[in-house]
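Participant: Before we start, here is the structure in question, set down as structure tokens.
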Amino acid sequence: MTDTKNAQTLYDRLWSDHVVARGQQGRDLLYIDRHILHEVSTPQSFELLRENHLEVRRPETQLAVPDHAVPTRDRGAGIREELARRQVALLEANCRAFGIEYIPLTDERQGIVHVIAPEQGFTIPGITIVCGDSHTATHGAFGALAFGIGASECGTQMATQCLWQTRAKTMRVTFTGALPAHVTTKDMILALIGRIGASGGSGYALEFAGEAVRAASMEARMTLCNMAIEAGSRVGLVAPDDTTIAYLDGRPRAPQGRSWDQAVAHWRTLRSDDEAFEREVEIDAAALAPQVTYGTSPDQVIGVDETVPEASRHTMDYMGLNVGQPLAGLPVDYAFIGSCTNSRIEDLRAAAALIRGRTVAPGVTAMVVPGSTMVKRQAEAEGLDKLFTAAGFEWHEAGCSLCVAMNGDRVPEGKRSISTSNRNFEGRQGAGARTHLASPAMVCAAALAGRIVDVRKEHVS
């Protein structure tokens, strides 16, 4: 049994392994192994370098790709929106000037930062990895200490490879039991956020554990960690295991040969001591129903078979709902499968499995946006694109698309969207848009029915 006095969590180990200097009041200078960049959060970062006459300390640890502002349809026509066009061009020019590898829109590796970095093996266990995006917590699924940073911190990291950070407390979230059929890790994380609230994880690093987590694929674990930020935490973690190692084996940037064997041996040591956590939360995964949000925050969520609880009048008016109203049966206008939360091949397969010759309901705009060009190519090789398009779904190029509504894809005011993305804030998918978050299968089922439905009743095994 571990001495409780010396017990450590995975977060503690990762943090200690990267401390360069101890500061005051829990702040330490951390060495940052890797940095991923996109076009929206980095213009000021490069200006910081120029203004201070600084170079990028280790360009080989940086990887850049445009994703947020890029169009996902008619890409051959170029970027029509001027701001987006300037942002993408500026990222490319800055990367060229500072010697950073840039993945252009025409590259088969292009896609959303939090999808492509794991695909390329740029994300591996045991490292620190940052990005100017709050959903960088995604990479914690690999047992990496990953978190979002601000624009000035992006510049500081490029120049020094270090950042001052405040150490968090630790919380273990254990999902006991096995997930029922047609319930997913998206439902798990939404249920957690509903339980502890949108600020329940504030000041904590979350580690996900339990039978349902161990059984999850890497794609599913990335979904889980992606939304740790929606619970108020900057960090979500899953300890690396055989599933992690199998996913990374052979990836372009993963260690090779003898280095691979040494890396795997180290990764297997990245574990938490049971006695080390400062807070424990337990959820019975076997009892979960498919989750759907009803309000304007991810913690305003219920099972699809429940009715809308009390919320502020403003929230109810914005969403056009009433207390006590069932969500099942609520008509939808838009259905979006995509975003850094649910746009991987596993997500697309889960949605496509529901089609079975059915078509999108009249009046519903349904779109599928793969998270990367590699996901898109794989889906096309499996014929998923033909299934979707034959059913009336739009099939897009890779990018953030309707998750952020800054790239030509928007939900009109007053229209209702069911979405696999991570945020349902007011205006997130367009000014006045009403967004319900759910899993890929739930979104597909709603698109086909024209209303929110319980996928467990729609799905034929």
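All residue names refer to the structure tokens as shown: chains lettered A, B, ... in order, residues numbered from 1 in each chain, ligands numbered from 1 in order.
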Within 8 Å of Leu91 of chain A, counting only C-alpha atoms, which residues show up once you throw out same-chain ones fewer than 4 positions away? Write them as a list of chain:residue names, please.

Facilitator: A:His38, A:Glu39, A:Thr42, A:Pro43, A:Ala64, A:Pro66, A:Gln87, A:Cys95

Participant: For segment 374-404 of chain A against segment 346-365 of chain A, with a cut-off of 7 Å and counting only C-alpha atoms, what is the closest atom pair and its distance in Å to one decimal for every residue that makes the cut, ordered by chain and number, as a tab-separated table?

Facilitator:
```
residue	atom	partner	partner_atom	distance
A:Leu384	CA	A:Ala352	CA	6.6
A:Leu387	CA	A:Ala352	CA	6.8
A:Phe388	CA	A:Ala352	CA	6.7
A:Ala391	CA	A:Thr359	CA	4.1
A:Gly392	CA	A:Val360	CA	5.4
A:Phe393	CA	A:Val360	CA	6.9
```

Participant: Restricted to all heavy atoms, what would the selected residues look like written as a short mmCIF file (atom, residue, chain, number, x, y, z; two decimals), in the first residue's frame?

Facilitator:
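Result written to again01.cif:
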```cif
data_model
loop_
_atom_site.label_atom_id
_atom_site.label_comp_id
_atom_site.auth_asym_id
_atom_site.auth_seq_id
_atom_site.Cartn_x
_atom_site.Cartn_y
_atom_site.Cartn_z
N LEU A 384 -19.02 5.90 -45.93
CA LEU A 384 -19.91 6.64 -45.02
C LEU A 384 -20.42 7.92 -45.66
O LEU A 384 -21.56 8.34 -45.42
CB LEU A 384 -19.18 6.97 -43.71
CG LEU A 384 -18.64 5.79 -42.89
CD1 LEU A 384 -18.09 6.28 -41.56
CD2 LEU A 384 -19.70 4.73 -42.69
N LEU A 387 -23.45 7.15 -47.64
CA LEU A 387 -24.60 6.93 -46.77
C LEU A 387 -25.20 8.25 -46.31
O LEU A 387 -26.43 8.44 -46.35
CB LEU A 387 -24.18 6.12 -45.53
CG LEU A 387 -24.08 4.60 -45.67
CD1 LEU A 387 -23.51 4.01 -44.39
CD2 LEU A 387 -25.45 4.00 -45.96
N PHE A 388 -24.34 9.15 -45.88
CA PHE A 388 -24.82 10.44 -45.39
C PHE A 388 -25.48 11.26 -46.50
O PHE A 388 -26.58 11.80 -46.33
CB PHE A 388 -23.68 11.23 -44.75
CG PHE A 388 -23.28 10.77 -43.37
CD1 PHE A 388 -21.98 10.33 -43.11
CD2 PHE A 388 -24.20 10.78 -42.32
CE1 PHE A 388 -21.62 9.91 -41.84
CE2 PHE A 388 -23.84 10.36 -41.05
CZ PHE A 388 -22.54 9.92 -40.81
N ALA A 391 -28.79 10.12 -47.67
CA ALA A 391 -29.83 10.39 -46.67
C ALA A 391 -30.18 11.88 -46.57
O ALA A 391 -31.11 12.24 -45.84
CB ALA A 391 -29.38 9.88 -45.31
N GLY A 392 -29.43 12.74 -47.27
CA GLY A 392 -29.73 14.16 -47.25
C GLY A 392 -28.85 15.00 -46.36
O GLY A 392 -29.11 16.20 -46.18
N PHE A 393 -27.78 14.41 -45.81
CA PHE A 393 -26.82 15.17 -45.02
C PHE A 393 -25.85 15.88 -45.96
O PHE A 393 -25.49 15.36 -47.01
CB PHE A 393 -26.00 14.26 -44.10
CG PHE A 393 -26.74 13.72 -42.92
CD1 PHE A 393 -27.55 12.59 -43.05
CD2 PHE A 393 -26.60 14.30 -41.67
CE1 PHE A 393 -28.22 12.07 -41.95
CE2 PHE A 393 -27.25 13.79 -40.57
CZ PHE A 393 -28.08 12.67 -40.71
#
```

Participant: Could you please determine the separation between atom CA of Pro252 of chain A and atom CA of Thr123 of chain A in Å, to one decimal place?

Facilitator: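 We find that atom CA of Pro252 of chain A and atom CA of Thr123 of chain A lie 11.0 Å from each other.
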
Participant: Each residue of segment 204-297 of chain A with at least one atom at most 12 Å from segment 317-338 of chain A should appear once, together with its nearest atom pair and the corresponding distance in Å (one decimal); atoms considered: only C-alpha atoms; ordering: chain, then increasing residue number; output as a tab-separated table.

Facilitator:
```
residue	atom	partner	partner_atom	distance
A:Thr223	CA	A:Gly338	CA	11.6
A:Pro290	CA	A:Ala328	CA	11.2
A:Gln291	CA	A:Leu327	CA	10.4
A:Val292	CA	A:Leu327	CA	8.0
A:Thr293	CA	A:Leu327	CA	9.0
A:Tyr294	CA	A:Met319	CA	7.5
A:Gly295	CA	A:Met319	CA	6.5
A:Thr296	CA	A:Met319	CA	7.7
A:Ser297	CA	A:Met319	CA	11.3
```

Participant: Name the residues of segment 216-400 of chain A that fall into helix (DSSP H, G or I) according to DSSP on the backbone, using the chain letters and numbers of this document, as an mmCIF file with N, CA, C and O atoms, in the first residue's frame.

Facilitator:
```cif
data_model
loop_
_atom_site.group_PDB
_atom_site.id
_atom_site.type_symbol
_atom_site.label_atom_id
_atom_site.label_comp_id
_atom_site.auth_asym_id
_atom_site.auth_seq_id
_atom_site.Cartn_x
_atom_site.Cartn_y
_atom_site.Cartn_z
ATOM 1 N N MET A 218 -9.787 5.397 -27.638
ATOM 2 C CA MET A 218 -9.107 6.683 -27.527
ATOM 3 C C MET A 218 -9.987 7.807 -28.030
ATOM 4 O O MET A 218 -9.982 8.910 -27.468
ATOM 5 N N GLU A 219 -10.738 7.563 -29.097
ATOM 6 C CA GLU A 219 -11.653 8.598 -29.595
ATOM 7 C C GLU A 219 -12.649 8.996 -28.512
ATOM 8 O O GLU A 219 -12.923 10.186 -28.296
ATOM 9 N N ALA A 220 -13.195 7.995 -27.833
ATOM 10 C CA ALA A 220 -14.171 8.259 -26.780
ATOM 11 C C ALA A 220 -13.539 8.971 -25.583
ATOM 12 O O ALA A 220 -14.136 9.865 -24.983
ATOM 13 N N ARG A 221 -12.319 8.593 -25.234
ATOM 14 C CA ARG A 221 -11.628 9.256 -24.122
ATOM 15 C C ARG A 221 -11.330 10.721 -24.456
ATOM 16 O O ARG A 221 -11.376 11.590 -23.578
ATOM 17 N N MET A 222 -11.017 10.984 -25.716
ATOM 18 C CA MET A 222 -10.786 12.371 -26.122
ATOM 19 C C MET A 222 -12.057 13.202 -25.963
ATOM 20 O O MET A 222 -12.001 14.365 -25.556
ATOM 21 N N THR A 223 -13.206 12.621 -26.284
ATOM 22 C CA THR A 223 -14.483 13.312 -26.061
ATOM 23 C C THR A 223 -14.652 13.646 -24.587
ATOM 24 O O THR A 223 -15.049 14.752 -24.216
ATOM 25 N N LEU A 224 -14.340 12.690 -23.739
ATOM 26 C CA LEU A 224 -14.479 12.856 -22.293
ATOM 27 C C LEU A 224 -13.611 14.011 -21.796
ATOM 28 O O LEU A 224 -14.086 14.921 -21.093
ATOM 29 N N CYS A 225 -12.330 13.989 -22.163
ATOM 30 C CA CYS A 225 -11.401 15.016 -21.686
ATOM 31 C C CYS A 225 -11.672 16.367 -22.336
ATOM 32 O O CYS A 225 -11.438 17.410 -21.721
ATOM 33 N N ASN A 226 -12.135 16.367 -23.564
ATOM 34 C CA ASN A 226 -12.411 17.601 -24.290
ATOM 35 C C ASN A 226 -13.315 18.539 -23.499
ATOM 36 O O ASN A 226 -13.107 19.758 -23.476
ATOM 37 N N MET A 227 -14.316 17.968 -22.836
ATOM 38 C CA MET A 227 -15.304 18.799 -22.153
ATOM 39 C C MET A 227 -15.031 18.987 -20.673
ATOM 40 O O MET A 227 -15.886 19.500 -19.940
ATOM 41 N N ALA A 228 -13.828 18.619 -20.214
ATOM 42 C CA ALA A 228 -13.469 18.918 -18.823
ATOM 43 C C ALA A 228 -13.558 20.420 -18.569
ATOM 44 O O ALA A 228 -13.952 20.856 -17.480
ATOM 45 N N ILE A 229 -13.215 21.212 -19.579
ATOM 46 C CA ILE A 229 -13.272 22.669 -19.438
ATOM 47 C C ILE A 229 -14.693 23.150 -19.181
ATOM 48 O O ILE A 229 -14.921 24.163 -18.513
ATOM 49 N N GLU A 230 -15.686 22.410 -19.691
ATOM 50 C CA GLU A 230 -17.092 22.810 -19.483
ATOM 51 C C GLU A 230 -17.546 22.529 -18.057
ATOM 52 O O GLU A 230 -18.608 22.996 -17.639
ATOM 53 N N ALA A 231 -16.741 21.755 -17.323
ATOM 54 C CA ALA A 231 -17.002 21.540 -15.895
ATOM 55 C C ALA A 231 -16.178 22.493 -15.044
ATOM 56 O O ALA A 231 -16.151 22.378 -13.820
ATOM 57 N N ASP A 242 -2.990 -0.026 -22.432
ATOM 58 C CA ASP A 242 -2.799 -0.737 -23.696
ATOM 59 C C ASP A 242 -3.562 -0.072 -24.842
ATOM 60 O O ASP A 242 -3.104 -0.086 -25.995
ATOM 61 N N THR A 243 -4.731 0.479 -24.542
ATOM 62 C CA THR A 243 -5.519 1.160 -25.569
ATOM 63 C C THR A 243 -4.766 2.370 -26.108
ATOM 64 O O THR A 243 -4.725 2.610 -27.326
ATOM 65 N N THR A 244 -4.160 3.129 -25.216
ATOM 66 C CA THR A 244 -3.355 4.290 -25.606
ATOM 67 C C THR A 244 -2.188 3.873 -26.482
ATOM 68 O O THR A 244 -1.926 4.475 -27.534
ATOM 69 N N ILE A 245 -1.481 2.860 -26.035
ATOM 70 C CA ILE A 245 -0.274 2.410 -26.739
ATOM 71 C C ILE A 245 -0.625 1.881 -28.126
ATOM 72 O O ILE A 245 0.060 2.185 -29.115
ATOM 73 N N ALA A 246 -1.717 1.115 -28.227
ATOM 74 C CA ALA A 246 -2.124 0.578 -29.525
ATOM 75 C C ALA A 246 -2.488 1.703 -30.499
ATOM 76 O O ALA A 246 -2.183 1.629 -31.693
ATOM 77 N N TYR A 247 -3.136 2.752 -29.993
ATOM 78 C CA TYR A 247 -3.514 3.887 -30.853
ATOM 79 C C TYR A 247 -2.272 4.592 -31.398
ATOM 80 O O TYR A 247 -2.234 4.990 -32.570
ATOM 81 N N LEU A 248 -1.263 4.764 -30.580
ATOM 82 C CA LEU A 248 -0.080 5.541 -30.973
ATOM 83 C C LEU A 248 0.934 4.749 -31.795
ATOM 84 O O LEU A 248 1.752 5.343 -32.512
ATOM 85 N N GLY A 257 11.184 2.400 -33.059
ATOM 86 C CA GLY A 257 12.253 1.465 -32.724
ATOM 87 C C GLY A 257 12.525 1.352 -31.234
ATOM 88 O O GLY A 257 11.616 1.196 -30.431
ATOM 89 N N ARG A 258 13.791 1.445 -30.862
ATOM 90 C CA ARG A 258 14.171 1.325 -29.460
ATOM 91 C C ARG A 258 13.578 2.456 -28.625
ATOM 92 O O ARG A 258 13.201 2.241 -27.465
ATOM 93 N N SER A 259 13.461 3.643 -29.217
ATOM 94 C CA SER A 259 12.858 4.780 -28.497
ATOM 95 C C SER A 259 11.403 4.484 -28.148
ATOM 96 O O SER A 259 10.911 4.903 -27.097
ATOM 97 N N TRP A 260 10.721 3.764 -29.045
ATOM 98 C CA TRP A 260 9.332 3.385 -28.770
ATOM 99 C C TRP A 260 9.269 2.468 -27.543
ATOM 100 O O TRP A 260 8.449 2.683 -26.647
ATOM 101 N N ASP A 261 10.116 1.476 -27.497
ATOM 102 C CA ASP A 261 10.121 0.548 -26.361
ATOM 103 C C ASP A 261 10.400 1.277 -25.052
ATOM 104 O O ASP A 261 9.760 1.011 -24.024
ATOM 105 N N GLN A 262 11.337 2.197 -25.085
ATOM 106 C CA GLN A 262 11.663 2.973 -23.881
ATOM 107 C C GLN A 262 10.490 3.868 -23.480
ATOM 108 O O GLN A 262 10.177 3.994 -22.291
ATOM 109 N N ALA A 263 9.849 4.466 -24.482
ATOM 110 C CA ALA A 263 8.707 5.338 -24.195
ATOM 111 C C ALA A 263 7.557 4.556 -23.576
ATOM 112 O O ALA A 263 6.965 4.972 -22.574
ATOM 113 N N VAL A 264 7.248 3.400 -24.157
ATOM 114 C CA VAL A 264 6.155 2.576 -23.638
ATOM 115 C C VAL A 264 6.426 2.156 -22.197
ATOM 116 O O VAL A 264 5.523 2.187 -21.338
ATOM 117 N N ALA A 265 7.660 1.795 -21.910
ATOM 118 C CA ALA A 265 8.013 1.412 -20.537
ATOM 119 C C ALA A 265 7.757 2.565 -19.571
ATOM 120 O O ALA A 265 7.258 2.355 -18.449
ATOM 121 N N HIS A 266 8.073 3.781 -19.998
ATOM 122 C CA HIS A 266 7.820 4.945 -19.151
ATOM 123 C C HIS A 266 6.329 5.224 -19.034
ATOM 124 O O HIS A 266 5.825 5.511 -17.933
ATOM 125 N N TRP A 267 5.613 5.140 -20.139
ATOM 126 C CA TRP A 267 4.182 5.440 -20.119
ATOM 127 C C TRP A 267 3.432 4.535 -19.151
ATOM 128 O O TRP A 267 2.459 4.949 -18.512
ATOM 129 N N ASP A 274 -4.164 5.643 -5.308
ATOM 130 C CA ASP A 274 -5.578 5.786 -4.934
ATOM 131 C C ASP A 274 -5.810 6.795 -3.824
ATOM 132 O O ASP A 274 -6.845 7.459 -3.767
ATOM 133 N N GLU A 275 -4.837 6.909 -2.915
ATOM 134 C CA GLU A 275 -5.040 7.750 -1.728
ATOM 135 C C GLU A 275 -4.747 9.227 -1.982
ATOM 136 O O GLU A 275 -4.875 10.058 -1.078
ATOM 137 N N ALA A 276 -4.361 9.586 -3.203
ATOM 138 C CA ALA A 276 -3.779 10.909 -3.428
ATOM 139 C C ALA A 276 -4.790 11.993 -3.778
ATOM 140 O O ALA A 276 -4.475 13.179 -3.703
ATOM 141 N N ALA A 285 -22.240 4.589 -14.482
ATOM 142 C CA ALA A 285 -22.378 4.668 -15.941
ATOM 143 C C ALA A 285 -23.500 3.774 -16.439
ATOM 144 O O ALA A 285 -24.185 4.103 -17.428
ATOM 145 N N ALA A 286 -23.718 2.667 -15.769
ATOM 146 C CA ALA A 286 -24.740 1.716 -16.203
ATOM 147 C C ALA A 286 -26.150 2.284 -16.093
ATOM 148 O O ALA A 286 -27.083 1.786 -16.739
ATOM 149 N N ALA A 287 -26.306 3.335 -15.288
ATOM 150 C CA ALA A 287 -27.638 3.919 -15.084
ATOM 151 C C ALA A 287 -27.895 5.135 -15.974
ATOM 152 O O ALA A 287 -28.970 5.742 -15.895
ATOM 153 N N ARG A 313 -35.898 32.698 -16.280
ATOM 154 C CA ARG A 313 -36.857 33.090 -17.309
ATOM 155 C C ARG A 313 -36.131 33.453 -18.600
ATOM 156 O O ARG A 313 -36.597 33.147 -19.703
ATOM 157 N N HIS A 314 -34.978 34.091 -18.437
ATOM 158 C CA HIS A 314 -34.214 34.479 -19.621
ATOM 159 C C HIS A 314 -33.796 33.245 -20.421
ATOM 160 O O HIS A 314 -33.925 33.229 -21.664
ATOM 161 N N THR A 315 -33.316 32.220 -19.721
ATOM 162 C CA THR A 315 -32.896 30.996 -20.402
ATOM 163 C C THR A 315 -34.067 30.345 -21.110
ATOM 164 O O THR A 315 -33.965 29.925 -22.281
ATOM 165 N N MET A 316 -35.195 30.254 -20.429
ATOM 166 C CA MET A 316 -36.376 29.635 -21.027
ATOM 167 C C MET A 316 -36.860 30.413 -22.245
ATOM 168 O O MET A 316 -37.236 29.833 -23.273
ATOM 169 N N ASP A 317 -36.842 31.734 -22.137
ATOM 170 C CA ASP A 317 -37.274 32.559 -23.273
ATOM 171 C C ASP A 317 -36.309 32.402 -24.449
ATOM 172 O O ASP A 317 -36.734 32.305 -25.599
ATOM 173 N N TYR A 318 -35.002 32.412 -24.147
ATOM 174 C CA TYR A 318 -34.015 32.292 -25.218
ATOM 175 C C TYR A 318 -34.170 30.958 -25.933
ATOM 176 O O TYR A 318 -34.110 30.887 -27.172
ATOM 177 N N MET A 319 -34.350 29.887 -25.159
ATOM 178 C CA MET A 319 -34.458 28.554 -25.750
ATOM 179 C C MET A 319 -35.863 28.233 -26.235
ATOM 180 O O MET A 319 -36.062 27.225 -26.925
ATOM 181 N N ILE A 345 -13.551 9.271 -36.623
ATOM 182 C CA ILE A 345 -14.164 8.213 -37.430
ATOM 183 C C ILE A 345 -15.185 7.409 -36.630
ATOM 184 O O ILE A 345 -16.243 7.028 -37.142
ATOM 185 N N GLU A 346 -14.900 7.155 -35.370
ATOM 186 C CA GLU A 346 -15.829 6.406 -34.527
ATOM 187 C C GLU A 346 -17.167 7.141 -34.394
ATOM 188 O O GLU A 346 -18.235 6.515 -34.404
ATOM 189 N N ASP A 347 -17.117 8.464 -34.292
ATOM 190 C CA ASP A 347 -18.327 9.271 -34.176
ATOM 191 C C ASP A 347 -19.158 9.188 -35.455
ATOM 192 O O ASP A 347 -20.386 9.082 -35.408
ATOM 193 N N LEU A 348 -18.478 9.260 -36.601
ATOM 194 C CA LEU A 348 -19.191 9.213 -37.871
ATOM 195 C C LEU A 348 -19.807 7.835 -38.104
ATOM 196 O O LEU A 348 -20.925 7.720 -38.610
ATOM 197 N N ARG A 349 -19.091 6.808 -37.713
ATOM 198 C CA ARG A 349 -19.649 5.447 -37.843
ATOM 199 C C ARG A 349 -20.902 5.282 -36.986
ATOM 200 O O ARG A 349 -21.884 4.672 -37.426
ATOM 201 N N ALA A 350 -20.852 5.794 -35.764
ATOM 202 C CA ALA A 350 -22.003 5.663 -34.858
ATOM 203 C C ALA A 350 -23.230 6.354 -35.429
ATOM 204 O O ALA A 350 -24.357 5.852 -35.310
ATOM 205 N N ALA A 351 -23.029 7.511 -36.032
ATOM 206 C CA ALA A 351 -24.156 8.230 -36.634
ATOM 207 C C ALA A 351 -24.665 7.510 -37.877
ATOM 208 O O ALA A 351 -25.878 7.306 -38.048
ATOM 209 N N ALA A 352 -23.736 7.094 -38.751
ATOM 210 C CA ALA A 352 -24.138 6.458 -40.006
ATOM 211 C C ALA A 352 -24.899 5.161 -39.773
ATOM 212 O O ALA A 352 -25.757 4.782 -40.579
ATOM 213 N N THR A 373 -8.874 15.881 -42.437
ATOM 214 C CA THR A 373 -8.912 15.333 -43.789
ATOM 215 C C THR A 373 -8.664 13.831 -43.752
ATOM 216 O O THR A 373 -9.235 13.074 -44.553
ATOM 217 N N MET A 374 -7.841 13.371 -42.816
ATOM 218 C CA MET A 374 -7.608 11.930 -42.685
ATOM 219 C C MET A 374 -8.875 11.193 -42.269
ATOM 220 O O MET A 374 -9.173 10.113 -42.777
ATOM 221 N N VAL A 375 -9.648 11.776 -41.347
ATOM 222 C CA VAL A 375 -10.934 11.183 -40.975
ATOM 223 C C VAL A 375 -11.860 11.162 -42.185
ATOM 224 O O VAL A 375 -12.553 10.163 -42.452
ATOM 225 N N LYS A 376 -11.882 12.265 -42.924
ATOM 226 C CA LYS A 376 -12.739 12.364 -44.104
ATOM 227 C C LYS A 376 -12.384 11.279 -45.120
ATOM 228 O O LYS A 376 -13.265 10.588 -45.650
ATOM 229 N N ARG A 377 -11.099 11.103 -45.392
ATOM 230 C CA ARG A 377 -10.663 10.102 -46.357
ATOM 231 C C ARG A 377 -11.020 8.683 -45.881
ATOM 232 O O ARG A 377 -11.431 7.840 -46.671
ATOM 233 N N GLN A 378 -10.854 8.442 -44.593
ATOM 234 C CA GLN A 378 -11.184 7.115 -44.067
ATOM 235 C C GLN A 378 -12.682 6.856 -44.176
ATOM 236 O O GLN A 378 -13.106 5.762 -44.569
ATOM 237 N N ALA A 379 -13.474 7.857 -43.837
ATOM 238 C CA ALA A 379 -14.928 7.719 -43.933
ATOM 239 C C ALA A 379 -15.354 7.461 -45.376
ATOM 240 O O ALA A 379 -16.246 6.635 -45.642
ATOM 241 N N GLU A 380 -14.716 8.149 -46.301
ATOM 242 C CA GLU A 380 -15.039 7.949 -47.719
ATOM 243 C C GLU A 380 -14.626 6.560 -48.188
ATOM 244 O O GLU A 380 -15.316 5.930 -48.995
ATOM 245 N N ALA A 381 -13.499 6.069 -47.686
ATOM 246 C CA ALA A 381 -13.059 4.711 -48.040
ATOM 247 C C ALA A 381 -14.052 3.669 -47.538
ATOM 248 O O ALA A 381 -14.215 2.600 -48.152
ATOM 249 N N LEU A 384 -19.023 5.896 -45.926
ATOM 250 C CA LEU A 384 -19.909 6.642 -45.020
ATOM 251 C C LEU A 384 -20.418 7.923 -45.662
ATOM 252 O O LEU A 384 -21.562 8.340 -45.421
ATOM 253 N N ASP A 385 -19.579 8.573 -46.471
ATOM 254 C CA ASP A 385 -20.012 9.800 -47.138
ATOM 255 C C ASP A 385 -21.224 9.550 -48.021
ATOM 256 O O ASP A 385 -22.163 10.358 -48.058
ATOM 257 N N LYS A 386 -21.234 8.421 -48.719
ATOM 258 C CA LYS A 386 -22.358 8.101 -49.606
ATOM 259 C C LYS A 386 -23.617 7.811 -48.803
ATOM 260 O O LYS A 386 -24.732 8.174 -49.203
ATOM 261 N N LEU A 387 -23.452 7.149 -47.643
ATOM 262 C CA LEU A 387 -24.603 6.926 -46.765
ATOM 263 C C LEU A 387 -25.204 8.249 -46.312
ATOM 264 O O LEU A 387 -26.431 8.440 -46.347
ATOM 265 N N PHE A 388 -24.336 9.153 -45.879
ATOM 266 C CA PHE A 388 -24.825 10.444 -45.386
ATOM 267 C C PHE A 388 -25.483 11.265 -46.501
ATOM 268 O O PHE A 388 -26.579 11.797 -46.326
ATOM 269 N N THR A 389 -24.804 11.386 -47.615
ATOM 270 C CA THR A 389 -25.346 12.242 -48.680
ATOM 271 C C THR A 389 -26.626 11.664 -49.271
ATOM 272 O O THR A 389 -27.563 12.399 -49.604
ATOM 273 N N ALA A 390 -26.701 10.333 -49.389
ATOM 274 C CA ALA A 390 -27.934 9.711 -49.887
ATOM 275 C C ALA A 390 -29.103 9.969 -48.943
ATOM 276 O O ALA A 390 -30.267 10.053 -49.372
ATOM 277 N N ALA A 391 -28.788 10.124 -47.669
ATOM 278 C CA ALA A 391 -29.832 10.392 -46.668
ATOM 279 C C ALA A 391 -30.182 11.877 -46.570
ATOM 280 O O ALA A 391 -31.106 12.239 -45.836
#
```

Participant: Identify, with DSSP run on backbone atoms, the residues in segment 107-222 of chain A assigned to strand (DSSP E), and express the list as a list in words.

Facilitator: Thr128, Ile129, Val130, Cys131, Leu145, Ala146, Phe147, Gly148, Cys162, Leu163, Trp164, Gln165, Thr166, Lys169, Thr170, Met171, Arg172, Val173, Thr174, Phe175, Thr176, Tyr204, Ala205, Leu206, Glu207, Phe208 and Ala209 of chain A

Participant: Taking only C-alpha atoms into account, which of A:Leu10, A:Val70, A:Ala97, A:Met442 comes nearest Glu207 of chain A?

Facilitator: A:Leu10

Participant: Between A:Ala84, A:Ile32, A:Ile124, A:Cys400, which is the closest to Trp164 of chain A once you count only C-alpha atoms?

Facilitator: A:Ile32

Participant: So that I can see what lies close to Val113 of chain A, please list as a PyMOL selection string the residues with an atom at most 9 Å from it, counting only C-alpha atoms and leaving out residues fewer than 3 positions away in the same chain.

Facilitator: chain A and resi 36-38+64-67+110+116-118+131+136+340+371-372

Participant: Just write the chosen residues, N, CA and C atoms, as a short mmCIF file (atom, residue, chain, number, x, y, z; two decimals), in the first residue's frame.

Facilitator:
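In the end it all went to result10.cif:
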```cif
data_model
loop_
_atom_site.label_atom_id
_atom_site.label_comp_id
_atom_site.auth_asym_id
_atom_site.auth_seq_id
_atom_site.Cartn_x
_atom_site.Cartn_y
_atom_site.Cartn_z
N ILE A 36 0.63 23.52 -30.06
CA ILE A 36 -0.09 23.50 -31.33
C ILE A 36 -0.76 24.86 -31.52
N LEU A 37 -0.73 25.35 -32.74
CA LEU A 37 -1.18 26.71 -33.04
C LEU A 37 -2.27 26.68 -34.10
N HIS A 38 -3.22 27.62 -33.97
CA HIS A 38 -4.18 27.83 -35.05
C HIS A 38 -4.28 29.32 -35.35
N ALA A 64 1.51 23.97 -36.49
CA ALA A 64 0.43 24.93 -36.76
C ALA A 64 -0.50 24.41 -37.85
N VAL A 65 -1.79 24.72 -37.68
CA VAL A 65 -2.79 24.35 -38.69
C VAL A 65 -3.98 25.31 -38.60
N PRO A 66 -4.53 25.75 -39.73
CA PRO A 66 -5.75 26.56 -39.68
C PRO A 66 -6.97 25.66 -39.51
N ASP A 67 -7.90 26.06 -38.65
CA ASP A 67 -9.09 25.22 -38.44
C ASP A 67 -10.35 26.00 -38.07
N GLN A 110 -4.49 18.18 -42.70
CA GLN A 110 -5.21 19.35 -42.17
C GLN A 110 -6.45 18.92 -41.40
N ILE A 116 -5.97 16.53 -35.19
CA ILE A 116 -4.78 16.16 -35.96
C ILE A 116 -3.56 15.86 -35.09
N ALA A 117 -3.41 16.53 -33.97
CA ALA A 117 -2.21 16.28 -33.14
C ALA A 117 -2.15 14.84 -32.66
N PRO A 118 -3.24 14.26 -32.14
CA PRO A 118 -3.18 12.84 -31.80
C PRO A 118 -2.99 11.95 -33.03
N CYS A 131 -2.05 24.98 -26.16
CA CYS A 131 -2.60 25.58 -27.37
C CYS A 131 -3.46 26.76 -26.94
N THR A 136 -7.96 22.28 -25.30
CA THR A 136 -6.70 21.54 -25.30
C THR A 136 -6.71 20.42 -24.28
N CYS A 340 -14.32 19.52 -32.36
CA CYS A 340 -13.21 18.77 -31.75
C CYS A 340 -13.70 17.78 -30.72
N GLY A 371 -13.44 15.79 -38.54
CA GLY A 371 -12.49 16.59 -37.77
C GLY A 371 -11.15 16.76 -38.42
N SER A 372 -10.86 15.95 -39.43
CA SER A 372 -9.61 16.08 -40.16
C SER A 372 -9.80 15.53 -41.56
#
```

Participant: Rank A:Glu413, A:Glu81, A:Asp249, A:Asp284 by their smallest atom-to-atom distance to Ala178 of chain A, using only C-alpha atoms, and report the top residue only.

Facilitator: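 Answer, going by the shortest atom-to-atom distance: A:Asp284.
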
Participant: So what do you get for atom CA of Gly140 of chain A versus atom CA of Val238 of chain A, distance-wise?

Facilitator: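 Interatomic distance here is 6.3 Å.
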
Participant: Using only C-alpha atoms, which of the listed residues (A:Glu119, A:Asp28, A:Glu47, A:Asp305) sits closest to Thr166 of chain A?

Facilitator: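 When distances to Thr166 of chain A are compared using only C-alpha atoms, the smallest one comes from A:Asp28.
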